[in-house]
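Peer 1: File name structure05.pdb; file contents PDB, C-alpha atoms, pLDDT in the B column; full text below.
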```pdb
ATOM      1  CA  MET A  85     117.854 124.487  81.114  1.00 40.00           C
ATOM      2  CA  THR A  86     120.970 126.590  80.632  1.00 44.00           C
ATOM      3  CA  LEU A  87     124.518 125.956  79.552  1.00 46.00           C
ATOM      4  CA  GLN A  88     125.584 126.767  83.103  1.00 45.00           C
ATOM      5  CA  ARG A  89     123.326 124.002  84.439  1.00 46.00           C
ATOM      6  CA  VAL A  90     124.714 121.478  81.967  1.00 49.00           C
ATOM      7  CA  CYS A  91     128.244 122.482  82.941  1.00 49.00           C
ATOM      8  CA  LEU A  92     127.227 122.054  86.585  1.00 47.00           C
ATOM      9  CA  PHE A  93     125.936 118.562  85.827  1.00 49.00           C
ATOM     10  CA  VAL A  94     129.112 117.485  84.130  1.00 54.00           C
ATOM     11  CA  LEU A  95     131.247 119.088  86.812  1.00 47.00           C
ATOM     12  CA  VAL A  96     129.402 117.478  89.691  1.00 47.00           C
ATOM     13  CA  ILE A  97     128.966 114.080  88.157  1.00 47.00           C
ATOM     14  CA  LEU A  98     131.764 113.598  85.707  1.00 47.00           C
ATOM     15  CA  ALA A  99     134.527 116.081  86.497  1.00 37.00           C
ATOM     16  CA  ALA A 100     134.239 118.033  89.744  1.00 36.00           C
ATOM     17  CA  ALA A 101     136.927 120.314  88.391  1.00 34.00           C
ATOM     18  CA  ALA A 102     135.620 123.830  87.821  1.00 34.00           C
ATOM     19  CA  LEU A 103     139.090 125.267  87.430  1.00 34.00           C
ATOM     20  CA  SER A 104     140.043 123.027  84.544  1.00 38.00           C
ATOM     21  CA  GLY A 105     138.111 125.008  81.947  1.00 45.00           C
ATOM     22  CA  CYS A 106     134.831 123.809  80.477  1.00 67.00           C
ATOM     23  CA  PHE A 107     134.613 120.581  78.540  1.00 81.00           C
ATOM     24  CA  VAL A 108     136.006 118.578  75.674  1.00 89.00           C
ATOM     25  CA  LEU A 109     133.571 117.374  73.038  1.00 92.00           C
ATOM     26  CA  SER A 110     134.169 115.158  70.039  1.00 96.00           C
ATOM     27  CA  LYS A 111     132.316 115.418  66.746  1.00 95.00           C
ATOM     28  CA  ASN A 112     132.810 111.665  66.297  1.00 96.00           C
ATOM     29  CA  LEU A 113     132.566 108.574  68.435  1.00 97.00           C
ATOM     30  CA  PRO A 114     135.920 106.809  68.728  1.00 97.00           C
ATOM     31  CA  THR A 115     136.504 103.499  67.037  1.00 95.00           C
ATOM     32  CA  GLY A 116     137.121 100.655  69.447  1.00 88.00           C
ATOM     33  CA  GLU A 117     135.305  97.887  71.213  1.00 90.00           C
ATOM     34  CA  GLU A 118     131.950  99.443  72.102  1.00 92.00           C
ATOM     35  CA  VAL A 119     130.506  97.307  74.866  1.00 91.00           C
ATOM     36  CA  THR A 120     127.404  98.391  76.739  1.00 92.00           C
ATOM     37  CA  ASP A 121     128.719  98.304  80.299  1.00 94.00           C
ATOM     38  CA  GLU A 122     125.788  96.952  82.260  1.00 92.00           C
ATOM     39  CA  ARG A 123     127.760  97.263  85.491  1.00 94.00           C
ATOM     40  CA  LEU A 124     126.654 100.904  85.383  1.00 95.00           C
ATOM     41  CA  VAL A 125     122.947 100.054  85.259  1.00 95.00           C
ATOM     42  CA  GLY A 126     121.061 101.192  88.347  1.00 94.00           C
ATOM     43  CA  ALA A 127     120.773 104.159  90.705  1.00 94.00           C
ATOM     44  CA  TRP A 128     123.767 106.199  91.882  1.00 92.00           C
ATOM     45  CA  ARG A 129     124.515 109.311  93.881  1.00 89.00           C
ATOM     46  CA  GLY A 130     127.484 111.632  93.654  1.00 82.00           C
ATOM     47  CA  PHE A 131     129.702 112.094  96.704  1.00 81.00           C
ATOM     48  CA  ASP A 132     132.755 114.041  97.779  1.00 74.00           C
ATOM     49  CA  GLU A 133     135.774 111.785  98.082  1.00 73.00           C
ATOM     50  CA  ASP A 134     137.412 113.917 100.781  1.00 72.00           C
ATOM     51  CA  ASP A 135     134.597 114.184 103.321  1.00 72.00           C
ATOM     52  CA  GLN A 136     132.430 111.348 101.949  1.00 73.00           C
ATOM     53  CA  GLU A 137     129.401 113.689 101.998  1.00 77.00           C
ATOM     54  CA  ASP A 138     126.621 112.889  99.520  1.00 75.00           C
ATOM     55  CA  ALA A 139     125.867 115.310  96.699  1.00 72.00           C
ATOM     56  CA  ASP A 140     122.337 116.389  95.813  1.00 75.00           C
ATOM     57  CA  ALA A 141     122.547 114.926  92.317  1.00 77.00           C
ATOM     58  CA  PHE A 142     121.159 111.492  91.503  1.00 87.00           C
ATOM     59  CA  LEU A 143     121.854 109.375  88.434  1.00 89.00           C
ATOM     60  CA  HIS A 144     120.059 106.387  87.014  1.00 93.00           C
ATOM     61  CA  PHE A 145     121.580 104.392  84.179  1.00 94.00           C
ATOM     62  CA  LEU A 146     118.741 102.642  82.375  1.00 95.00           C
ATOM     63  CA  LYS A 147     119.159  99.124  81.094  1.00 89.00           C
ATOM     64  CA  ALA A 148     119.628  99.281  77.331  1.00 87.00           C
ATOM     65  CA  ASP A 149     118.082  97.184  74.608  1.00 88.00           C
ATOM     66  CA  LYS A 150     120.597  94.870  72.974  1.00 84.00           C
ATOM     67  CA  GLY A 151     122.972  96.823  70.782  1.00 82.00           C
ATOM     68  CA  ASP A 152     121.838 100.228  72.068  1.00 90.00           C
ATOM     69  CA  PRO A 153     123.861 102.621  74.242  1.00 94.00           C
ATOM     70  CA  LEU A 154     122.930 103.258  77.843  1.00 95.00           C
ATOM     71  CA  ARG A 155     120.610 106.094  78.819  1.00 94.00           C
ATOM     72  CA  LEU A 156     121.428 108.223  81.826  1.00 92.00           C
ATOM     73  CA  VAL A 157     118.784 110.206  83.693  1.00 89.00           C
ATOM     74  CA  TRP A 158     120.249 112.893  85.964  1.00 83.00           C
ATOM     75  CA  VAL A 159     117.994 114.519  88.578  1.00 82.00           C
ATOM     76  CA  GLU A 160     118.688 117.445  90.874  1.00 76.00           C
ATOM     77  CA  ASP A 161     115.877 119.278  92.665  1.00 74.00           C
ATOM     78  CA  ARG A 162     113.263 120.113  89.976  1.00 76.00           C
ATOM     79  CA  HIS A 163     115.638 119.624  87.059  1.00 76.00           C
ATOM     80  CA  TYR A 164     116.521 116.577  85.013  1.00 80.00           C
ATOM     81  CA  GLN A 165     118.516 115.748  81.912  1.00 82.00           C
ATOM     82  CA  ILE A 166     118.812 112.656  79.758  1.00 88.00           C
ATOM     83  CA  TYR A 167     122.053 111.536  78.155  1.00 90.00           C
ATOM     84  CA  GLU A 168     122.989 108.822  75.687  1.00 93.00           C
ATOM     85  CA  VAL A 169     126.096 107.100  77.037  1.00 95.00           C
ATOM     86  CA  HIS A 170     128.379 104.963  74.866  1.00 96.00           C
ATOM     87  CA  THR A 171     130.962 102.857  76.676  1.00 96.00           C
ATOM     88  CA  PHE A 172     134.115 101.488  75.073  1.00 96.00           C
ATOM     89  CA  VAL A 173     137.220  99.514  75.897  1.00 96.00           C
ATOM     90  CA  ILE A 174     140.166 101.245  74.224  1.00 96.00           C
ATOM     91  CA  ASP A 175     143.669  99.960  74.892  1.00 94.00           C
ATOM     92  CA  GLY A 176     142.409  98.347  78.089  1.00 94.00           C
ATOM     93  CA  LYS A 177     140.822 101.564  79.378  1.00 95.00           C
ATOM     94  CA  ASN A 178     137.114 102.130  80.023  1.00 96.00           C
ATOM     95  CA  VAL A 179     136.054 105.130  77.940  1.00 96.00           C
ATOM     96  CA  PHE A 180     132.701 106.890  77.793  1.00 95.00           C
ATOM     97  CA  ALA A 181     131.215 109.252  75.238  1.00 95.00           C
ATOM     98  CA  SER A 182     127.964 110.910  76.310  1.00 92.00           C
ATOM     99  CA  LYS A 183     125.552 113.095  74.370  1.00 90.00           C
ATOM    100  CA  LEU A 184     122.837 115.328  75.771  1.00 85.00           C
ATOM    101  CA  LEU A 185     119.432 114.240  74.458  1.00 87.00           C
ATOM    102  CA  THR A 186     117.099 116.643  76.247  1.00 79.00           C
ATOM    103  CA  PRO A 187     116.843 119.816  74.165  1.00 57.00           C
ATOM    104  CA  PHE A 188     117.519 123.346  75.328  1.00 50.00           C
ATOM    105  CA  LYS A 189     114.706 125.866  75.362  1.00 49.00           C
ATOM    106  CA  GLU A 190     114.724 128.291  72.467  1.00 47.00           C
ATOM    107  CA  ASP A 191     115.203 131.291  74.764  1.00 46.00           C
ATOM    108  CA  ASP A 192     118.432 129.975  76.264  1.00 50.00           C
ATOM    109  CA  GLU A 193     121.278 132.428  75.797  1.00 48.00           C
ATOM    110  CA  ASP A 194     123.859 129.670  75.464  1.00 54.00           C
ATOM    111  CA  SER A 195     123.916 126.434  73.581  1.00 61.00           C
ATOM    112  CA  ILE A 196     125.984 123.273  73.633  1.00 69.00           C
ATOM    113  CA  PRO A 197     127.795 122.352  70.419  1.00 74.00           C
ATOM    114  CA  GLU A 198     126.886 119.065  68.796  1.00 82.00           C
ATOM    115  CA  GLY A 199     129.081 116.242  69.958  1.00 90.00           C
ATOM    116  CA  PHE A 200     130.009 113.810  72.698  1.00 94.00           C
ATOM    117  CA  PHE A 201     131.555 114.504  76.092  1.00 90.00           C
ATOM    118  CA  LEU A 202     134.637 112.289  76.360  1.00 92.00           C
ATOM    119  CA  GLY A 203     136.265 110.753  79.398  1.00 92.00           C
ATOM    120  CA  PHE A 204     137.388 107.678  81.293  1.00 95.00           C
ATOM    121  CA  TYR A 205     135.807 105.701  84.099  1.00 95.00           C
ATOM    122  CA  GLU A 206     136.848 102.935  86.444  1.00 95.00           C
ATOM    123  CA  PHE A 207     135.178 100.902  89.130  1.00 95.00           C
ATOM    124  CA  ASP A 208     136.372 100.938  92.727  1.00 92.00           C
ATOM    125  CA  GLY A 209     134.781  97.706  93.884  1.00 89.00           C
ATOM    126  CA  ASP A 210     131.211  96.985  92.839  1.00 85.00           C
ATOM    127  CA  ASN A 211     129.548 100.089  94.251  1.00 91.00           C
ATOM    128  CA  GLU A 212     131.722 103.076  93.385  1.00 93.00           C
ATOM    129  CA  VAL A 213     132.740 104.520  90.023  1.00 93.00           C
ATOM    130  CA  ILE A 214     135.326 107.193  89.291  1.00 92.00           C
ATOM    131  CA  PHE A 215     134.785 109.407  86.225  1.00 90.00           C
ATOM    132  CA  THR A 216     137.572 111.502  84.749  1.00 90.00           C
ATOM    133  CA  LEU A 217     137.174 114.011  81.943  1.00 89.00           C
ATOM    134  CA  LEU A 218     139.826 115.470  79.693  1.00 92.00           C
ATOM    135  CA  ASP A 219     141.192 118.838  80.790  1.00 90.00           C
ATOM    136  CA  ALA A 220     139.875 121.390  78.295  1.00 89.00           C
ATOM    137  CA  GLU A 221     142.788 123.790  78.743  1.00 90.00           C
ATOM    138  CA  LYS A 222     145.348 121.076  77.995  1.00 93.00           C
ATOM    139  CA  ILE A 223     143.388 119.868  74.967  1.00 95.00           C
ATOM    140  CA  ASN A 224     142.980 123.474  73.813  1.00 93.00           C
ATOM    141  CA  ASP A 225     146.743 123.952  73.923  1.00 93.00           C
ATOM    142  CA  MET A 226     147.286 120.749  71.941  1.00 96.00           C
ATOM    143  CA  ILE A 227     144.849 121.895  69.254  1.00 96.00           C
ATOM    144  CA  LYS A 228     146.531 125.302  69.002  1.00 94.00           C
ATOM    145  CA  ALA A 229     149.915 123.574  68.718  1.00 96.00           C
ATOM    146  CA  GLY A 230     148.630 121.408  65.845  1.00 96.00           C
ATOM    147  CA  GLU A 231     148.957 118.183  67.839  1.00 96.00           C
ATOM    148  CA  LEU A 232     145.224 117.425  67.607  1.00 97.00           C
ATOM    149  CA  LYS A 233     142.547 118.259  65.052  1.00 97.00           C
ATOM    150  CA  GLY A 234     139.874 120.398  66.619  1.00 96.00           C
ATOM    151  CA  GLU A 235     138.184 123.705  67.271  1.00 93.00           C
ATOM    152  CA  ALA A 236     139.916 125.589  70.065  1.00 90.00           C
ATOM    153  CA  GLY A 237     137.969 127.731  72.502  1.00 82.00           C
ATOM    154  CA  ALA A 238     138.518 131.471  72.360  1.00 78.00           C
ATOM    155  CA  ARG A 239     137.838 131.960  76.096  1.00 74.00           C
ATOM    156  CA  LYS A 240     138.839 129.940  79.136  1.00 69.00           C
ATOM    157  CA  TYR A 241     135.439 128.332  79.733  1.00 68.00           C
ATOM    158  CA  ASP A 242     134.495 127.741  76.108  1.00 77.00           C
ATOM    159  CA  PHE A 243     133.882 124.242  74.857  1.00 84.00           C
ATOM    160  CA  VAL A 244     136.768 122.597  73.017  1.00 91.00           C
ATOM    161  CA  THR A 245     135.761 120.309  70.155  1.00 94.00           C
ATOM    162  CA  LEU A 246     137.853 117.509  68.673  1.00 97.00           C
ATOM    163  CA  THR A 247     137.167 117.067  64.975  1.00 97.00           C
ATOM    164  CA  GLY A 248     139.453 114.158  64.122  1.00 97.00           C
ATOM    165  CA  SER A 249     138.186 110.941  62.589  1.00 97.00           C
ATOM    166  CA  PRO A 250     136.860 108.126  64.819  1.00 97.00           C
ATOM    167  CA  LYS A 251     140.224 106.396  64.371  1.00 97.00           C
ATOM    168  CA  ASP A 252     142.095 109.589  65.325  1.00 97.00           C
ATOM    169  CA  ILE A 253     140.010 109.996  68.480  1.00 97.00           C
ATOM    170  CA  ALA A 254     140.565 106.389  69.528  1.00 97.00           C
ATOM    171  CA  ALA A 255     144.309 106.635  68.917  1.00 97.00           C
ATOM    172  CA  PHE A 256     144.488 109.765  71.047  1.00 98.00           C
ATOM    173  CA  LEU A 257     142.479 108.230  73.917  1.00 97.00           C
ATOM    174  CA  ALA A 258     144.885 105.277  73.945  1.00 97.00           C
ATOM    175  CA  SER A 259     147.940 107.533  74.054  1.00 97.00           C
ATOM    176  CA  PRO A 260     150.105 108.740  76.962  1.00 97.00           C
ATOM    177  CA  GLU A 261     149.142 112.287  75.921  1.00 97.00           C
ATOM    178  CA  ALA A 262     145.492 111.585  76.744  1.00 97.00           C
ATOM    179  CA  GLU A 263     146.520 110.083  80.079  1.00 96.00           C
ATOM    180  CA  ALA A 264     148.447 113.271  80.868  1.00 96.00           C
ATOM    181  CA  ALA A 265     145.502 115.426  79.754  1.00 95.00           C
ATOM    182  CA  ARG A 266     143.044 114.067  82.331  1.00 93.00           C
ATOM    183  CA  VAL A 267     141.651 116.468  84.926  1.00 87.00           C
ATOM    184  CA  GLU A 268     143.360 116.182  88.298  1.00 86.00           C
ATOM    185  CA  ASP A 269     140.184 115.840  90.379  1.00 81.00           C
ATOM    186  CA  PRO A 270     137.911 113.036  89.150  1.00 84.00           C
ATOM    187  CA  ALA A 271     134.303 112.689  90.253  1.00 83.00           C
ATOM    188  CA  HIS A 272     132.965 109.822  92.327  1.00 86.00           C
ATOM    189  CA  ILE A 273     129.549 108.210  92.421  1.00 89.00           C
ATOM    190  CA  ARG A 274     128.247 105.588  94.818  1.00 91.00           C
ATOM    191  CA  ARG A 275     125.585 103.008  94.094  1.00 94.00           C
ATOM    192  CA  ILE A 276     122.318 103.413  95.957  1.00 92.00           C
ATOM    193  CA  SER A 277     121.660  99.982  97.397  1.00 73.00           C
ATOM    194  CA  ARG A 278     118.260  98.378  97.191  1.00 54.00           C
ATOM    195  CA  SER A 279     117.969  98.512 100.970  1.00 48.00           C
ATOM    196  CA  ASN A 280     118.534 102.289 100.912  1.00 45.00           C
ATOM    197  CA  LYS A 281     115.945 102.768  98.187  1.00 43.00           C
ATOM    198  CA  ASP A 282     113.375 100.810 100.160  1.00 44.00           C
ATOM    199  CA  ASN A 283     113.760 102.980 103.290  1.00 42.00           C
TER     200      ASN A 283
END
```
Do you think you could lay out the structure here as structure tokens?
Peer 2:
Amino acid sequence: MTLQRVCLFVLVILAAAALSGCFVLSKNLPTGEEVTDERLVGAWRGFDEDDQEDADAFLHFLKADKGDPLRLVWVEDRHYQIYEVHTFVIDGKNVFASKLLTPFKEDDEDSIPEGFFLGFYEFDGDNEVIFTLLDAEKINDMIKAGELKGEAGARKYDFVTLTGSPKDIAAFLASPEAEAARVEDPAHIRRISRSNKDN
């Protein structure tokens, strides 16, 4: 399991924006109303909004025990990954913070920094969800300008890590600056209906 494959997962499922840099992580979970969003529970498949073609990646959000975050199992071909997914309501917006749980092999050349992938999500009806990550280049510029606390990436596709307090992270996610720092091309997933699964 390589860094490239993890980036591919997040791109296909959560961002679909390869030109926006790599990804924004946070050392801390934001403060806010953490509510396990059980609307996400079930099986989903990524799809291209433009041509409506299905992607080869499948997701299953597992029902969580009370008080626990969701678990996400992502499967593509012979590969799978498991993520812990926290869902929040911050200033009326649905926010997610996901952490990779499956470990990398020791011989991997790359590694993912500790932290949580941050982004927003919204439902389009009952059976489609739109995920939008933060644009790493925009966040990188804000860190370099001293507008956000964090560790800037040295290269274009490096991870960018926010290091502010949970309160700082929540305040930023609620701000117009975070709205403006979203990637331009969100990712879409479609629920796999029970009838489809039975065929």
Peer 1: Which polymer residues, protein or nucleic acid, are no farther than 10 Å from (117.7, 114.0, 88.7), counting only C-alpha atoms, as a PyMOL selection string?
Peer 2: chain A and resi 93+129+140-144+156-166
Peer 1: Could you tell me how far atom CA of A:Arg123 sits from atom CA of A:Glu263, in Å to one decimal place?
Peer 2: 23.4 Å
Peer 1: Going by the chain IDs and residue numbers used in this file, which residues fall under the PyMOL selection byres ((chain A and resi 266) around 8)? Write them as a list in words.
Peer 2: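 Answer for the PyMOL selection byres ((chain A and resi 266) around 8): Thr216, Leu217, Leu218, Asp219, Ala262, Glu263, Ala264, Ala265, Val267 and Glu268 of chain A.
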Peer 1: In Å, how far is it from atom CA of A:Ala255 to atom CA of A:Asp121?
Peer 2: 21.0 Å
Peer 1: What does the structure give for the distance between atom CA of A:Ile214 and atom CA of A:His272, in Å to one decimal?
Peer 2: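 Atom CA of A:His272 lies at a distance of 4.7 Å from atom CA of A:Ile214.
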